[in-house]
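Chemist: The following block contains the structure, expressed as structure tokens.
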Amino acid sequence: MRIPAGLVGAYTWDRSFRLWDTYFALIWLATLVFVLGTDFPAWPVRATAAALLVPLIPLYVVVGRPILRGDPPDERRALGFLAAMMALFLPSAVLVGETRLMTFALVPPCFMTLRVRWAMGAVAVINLVPVVGWALLWWPSDQDVFFNSTFAVVTFVFSAALGSWIIRIIEQSQDRAELIAELDASRHEVSRLSAAHGALAERERMAREIHDTLAQGFTSLLMLVQAVEAELECDVPQARRHLALMEGTARQNLAEARALVAGAAPVDLDGAALPDALRRLAARHAATLEVTGPVRPSPAGAEVVALRSCQEALSNARKHAGSSTAVGIALAYAEETLTVSVRDAGCGFDLSTVTDGYGLAGLRARAAEVGGTARVDSAPGTGTTVTVRLPVPPVRSSS
């Protein structure tokens with residue numbers, strides 16, 4: 001199994017491969033000493049066994065070591081390397097029993113490079129074949145055969161158990177390394193998506209703010225400019241009045257733009273209660289205001305939504321119903337809700353034949369952000385009513 005890039009160093013054998021090199025060299029040297037120092041068999045046989053062990057070192061350094069450090073190890077090359085190692089080791093182990101100490105250095109690479117099934121087969125060959133060959137070659141006593149066979153079986157079982165356990169630990173480490181890499185990638189992706197979502201939400205918020213304030217103000221300015229152009233030659237006093245309205249609208253727009261840049265509350269709500277802000281708004285649009293219920297402070301978010309909803313509804317009323325149409329604003333305080341509605345006495349329209357524009361969609365989105373609802377009621381000849389209902393905390397008694 002391949003571990004994620006950048007996490008190869010997490011493997012124990014990769015972090016401490018020099019320790020493994022030292023271990024292999026010490027086992028090889030100890031085996032060589034035991035072979036040369038034993039009394040049986042004769043010196044020429046022991047020298048032959050030792051000579052077969054000598055090429056194991058260059059074979060390991062040149063071929064084996066790069067394979068063991070592979071990520072993952074090349075299993076085909078590993079099979080060739082282990083076959084070459086066993087071709088040198090098995091004859092030596094058959095000739096001299098002390099050579100079997102080398103199994104402690106040959107078994108680990110089997111589990112490090114091969115799949116479990118292949119590794120078990122290789123370990124069985126390394127542990128059992130030398131004993132069988134040694135017994136057939138030298139015909140030792142029954143006691144020696146028994147002890148050597150028992151030692152080989154125990155070594156095989158121990159190697160298989162320990163190797164399987166280590167492989168499971170390594171696989172778990174690899175799985176955890178991959179999981180950590182996936183979690184890290186997911187964390188970065190979530191962070192990126194969160195930032196993108198935040199940017200999109202902020203753009204949508206700014207778009208609604210601009211639509212409900214600056215865009216509506218500029219629309220009013222254009223309408224006033226057209227009125228002034230028509231009145232300059234025939235009704236100068238009315239033109240002057242409209243110019244004064246243009247100045248007031250421009251100042252209002254400038255103040256709203258500054259509030260948007262500063263992230264402050266809407267100009268009408270700056271230091272004022274919601275009913276007072278709606279009164280100023282109603283005066284600018286020649287509308288009436290009716291307040292019912294006990295007036296009390298509401299959450300800033302709810303008051304902003306109520307004000308912006310009125311601005312949108314009044315702008316639509318003047319745009320579609322005409323500047324001379326009667327428009328009324330109703331603000332109702334209840335125990336757990338704040339309701340604001342704008343009704344005009346215009347010609348109305350058929351809701352089933354009209355799709356929502358950006359203003360109505362923005363109005364509903366604003367109300368939903370604070371857990372409220374927005375509703376439009378209209379029919380041909382009956383006018384239009386926009387109702388926004390917002391949840392507010394109930395009044396707690398002081399007792």
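Identifiers in this document derive from the order of the structure tokens: chains are assigned A, B, ..., residues are numbered from 1 separately in each chain, and ligands are numbered from 1 in order of occurrence.
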Might you pull out every residue within 6 Å of region 44-58 of chain A, with only C-alpha atoms counted and same-chain residues fewer than 4 positions away left off, and present them as number ranges by chain?
Modeler: A: 62, 88, 92
Chemist: Residues at most 12 Å from Ala87 (chain A), counting only C-alpha atoms, excluding those fewer than 2 positions away in the same chain, as a list in words?
Modeler: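 What passes the distance filter is Leu52, Leu53, Pro55, Leu56, Leu59, Gly80, Phe81, Leu82, Ala83, Ala84, Met85, Phe89, Leu90, Pro91, Ser92, Ala93, Val94, Val125, Ile126, Val129 and Pro130 of chain A.
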Chemist: Tell me, as JSON, numbers by chain, which residues lie within 8 Å of region 323-334 of chain A, counting only C-alpha atoms; anything in the same chain fewer than 5 positions away does not count.
Modeler: {"A": [275, 282, 286, 287, 288, 289, 290, 291, 292, 293, 294, 295, 296, 310, 314, 317, 318, 339, 340, 341, 342, 343, 344, 345, 346]}
Chemist: So that I can see what lies close to Leu137 (chain A), please list as a list in words the residues with an atom at most 12 Å from it, counting only C-alpha atoms and leaving out residues fewer than 2 positions away in the same chain.
Modeler: Pro41, Pro91, Ala93, Val94, Leu95, Val96, Gly97, Pro130, Val131, Val132, Gly133, Trp134, Ala135, Trp139, Pro140 and Val145 of chain A
Chemist: Can you pull out every residue within 10 Å of Ser298 (chain A), counting only C-alpha atoms, but drop anything in the same chain fewer than 5 positions away, and send it as a ChimeraX atom specification?
Modeler: /A:273-274,303-304,333,337-338,391-394
Chemist: Which residues come within 9 Å of region 366-374 of chain A, counting only C-alpha atoms, excluding same-chain residues fewer than 3 positions away, as a list in words?
Modeler: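 Residues meeting the cut-off are Arg205, Arg208, Gly301, Ala302, Val305, Ala306, Arg308, Ser309, Leu360, Ala361, Gly362, Leu363, Val386, Thr387, Val388, Arg389, Leu390 and Pro391 of chain A.
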Chemist: Restricting the output to N, CA and C atoms, write the selected residues as a PDB file, in the first residue's frame.
Modeler:
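So selection16.pdb came out as:
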```pdb
ATOM      1  N   ARG A 205     -25.445  40.001   0.603  1.00  0.00           N
ATOM      2  CA  ARG A 205     -25.894  41.001   1.581  1.00  0.00           C
ATOM      3  C   ARG A 205     -25.675  42.411   1.055  1.00  0.00           C
ATOM      4  N   ARG A 208     -28.201  43.261  -1.606  1.00  0.00           N
ATOM      5  CA  ARG A 208     -29.504  43.651  -1.058  1.00  0.00           C
ATOM      6  C   ARG A 208     -29.456  45.041  -0.451  1.00  0.00           C
ATOM      7  N   GLY A 301     -30.996  43.087  14.331  1.00  0.00           N
ATOM      8  CA  GLY A 301     -31.221  42.426  13.047  1.00  0.00           C
ATOM      9  C   GLY A 301     -32.663  42.510  12.607  1.00  0.00           C
ATOM     10  N   ALA A 302     -33.593  42.296  13.532  1.00  0.00           N
ATOM     11  CA  ALA A 302     -35.011  42.364  13.189  1.00  0.00           C
ATOM     12  C   ALA A 302     -35.412  43.779  12.781  1.00  0.00           C
ATOM     13  N   VAL A 305     -34.156  44.489   9.245  1.00  0.00           N
ATOM     14  CA  VAL A 305     -34.987  43.806   8.254  1.00  0.00           C
ATOM     15  C   VAL A 305     -36.318  44.527   8.084  1.00  0.00           C
ATOM     16  N   ALA A 306     -36.931  44.942   9.189  1.00  0.00           N
ATOM     17  CA  ALA A 306     -38.209  45.664   9.097  1.00  0.00           C
ATOM     18  C   ALA A 306     -38.060  46.956   8.307  1.00  0.00           C
ATOM     19  N   ARG A 308     -35.619  47.817   6.074  1.00  0.00           N
ATOM     20  CA  ARG A 308     -35.299  47.557   4.673  1.00  0.00           C
ATOM     21  C   ARG A 308     -36.522  47.026   3.924  1.00  0.00           C
ATOM     22  N   SER A 309     -37.334  46.214   4.589  1.00  0.00           N
ATOM     23  CA  SER A 309     -38.542  45.695   3.941  1.00  0.00           C
ATOM     24  C   SER A 309     -39.495  46.834   3.593  1.00  0.00           C
ATOM     25  N   LEU A 360     -38.183  41.433  -4.423  1.00  0.00           N
ATOM     26  CA  LEU A 360     -39.001  40.535  -3.609  1.00  0.00           C
ATOM     27  C   LEU A 360     -38.195  39.329  -3.138  1.00  0.00           C
ATOM     28  N   ALA A 361     -37.321  38.814  -4.000  1.00  0.00           N
ATOM     29  CA  ALA A 361     -36.474  37.693  -3.579  1.00  0.00           C
ATOM     30  C   ALA A 361     -35.545  38.120  -2.449  1.00  0.00           C
ATOM     31  N   GLY A 362     -34.984  39.319  -2.555  1.00  0.00           N
ATOM     32  CA  GLY A 362     -34.137  39.826  -1.492  1.00  0.00           C
ATOM     33  C   GLY A 362     -34.907  40.058  -0.211  1.00  0.00           C
ATOM     34  N   LEU A 363     -36.155  40.500  -0.347  1.00  0.00           N
ATOM     35  CA  LEU A 363     -36.990  40.739   0.834  1.00  0.00           C
ATOM     36  C   LEU A 363     -37.230  39.427   1.576  1.00  0.00           C
ATOM     37  N   VAL A 386     -47.664  44.042   1.314  1.00  0.00           N
ATOM     38  CA  VAL A 386     -46.452  43.285   1.621  1.00  0.00           C
ATOM     39  C   VAL A 386     -46.368  43.176   3.140  1.00  0.00           C
ATOM     40  N   THR A 387     -46.326  41.935   3.641  1.00  0.00           N
ATOM     41  CA  THR A 387     -46.311  41.700   5.091  1.00  0.00           C
ATOM     42  C   THR A 387     -45.064  40.912   5.462  1.00  0.00           C
ATOM     43  N   VAL A 388     -44.324  41.438   6.430  1.00  0.00           N
ATOM     44  CA  VAL A 388     -43.131  40.766   6.933  1.00  0.00           C
ATOM     45  C   VAL A 388     -43.325  40.507   8.416  1.00  0.00           C
ATOM     46  N   ARG A 389     -43.232  39.239   8.810  1.00  0.00           N
ATOM     47  CA  ARG A 389     -43.424  38.857  10.213  1.00  0.00           C
ATOM     48  C   ARG A 389     -42.099  38.298  10.743  1.00  0.00           C
ATOM     49  N   LEU A 390     -41.619  38.901  11.829  1.00  0.00           N
ATOM     50  CA  LEU A 390     -40.303  38.539  12.370  1.00  0.00           C
ATOM     51  C   LEU A 390     -40.431  38.091  13.822  1.00  0.00           C
ATOM     52  N   PRO A 391     -39.697  37.049  14.204  1.00  0.00           N
ATOM     53  CA  PRO A 391     -39.729  36.628  15.615  1.00  0.00           C
ATOM     54  C   PRO A 391     -38.865  37.544  16.477  1.00  0.00           C
TER      55      PRO A 391
END
```
Chemist: Residues at most 8 Å from Ala379 (chain A), counting only C-alpha atoms, excluding those fewer than 5 positions away in the same chain, as a ChimeraX atom specification?
Modeler: /A:348-351,384
Chemist: Filtering to N, CA and C atoms, could you give me those residues as a PDB file, in the first residue's frame?
Modeler:
```pdb
ATOM      1  N   GLY A 348     -53.054  46.841  -8.284  1.00  0.00           N
ATOM      2  CA  GLY A 348     -52.757  45.453  -7.953  1.00  0.00           C
ATOM      3  C   GLY A 348     -52.347  44.645  -9.178  1.00  0.00           C
ATOM      4  N   PHE A 349     -52.134  43.345  -8.986  1.00  0.00           N
ATOM      5  CA  PHE A 349     -51.721  42.478 -10.094  1.00  0.00           C
ATOM      6  C   PHE A 349     -52.026  41.031  -9.727  1.00  0.00           C
ATOM      7  N   ASP A 350     -51.976  40.172 -10.736  1.00  0.00           N
ATOM      8  CA  ASP A 350     -52.236  38.749 -10.554  1.00  0.00           C
ATOM      9  C   ASP A 350     -50.922  38.067 -10.177  1.00  0.00           C
ATOM     10  N   LEU A 351     -50.861  37.545  -8.960  1.00  0.00           N
ATOM     11  CA  LEU A 351     -49.617  36.939  -8.480  1.00  0.00           C
ATOM     12  C   LEU A 351     -49.185  35.735  -9.313  1.00  0.00           C
ATOM     13  N   THR A 384     -52.033  46.219  -3.289  1.00  0.00           N
ATOM     14  CA  THR A 384     -50.988  45.254  -2.935  1.00  0.00           C
ATOM     15  C   THR A 384     -50.598  45.449  -1.472  1.00  0.00           C
TER      16      THR A 384
END
```
Chemist: Just how far from CA of Arg258 (chain A) is CA of Leu200 (chain A), in Å to one decimal?
Modeler: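 These two atoms are separated by 21.7 Å.
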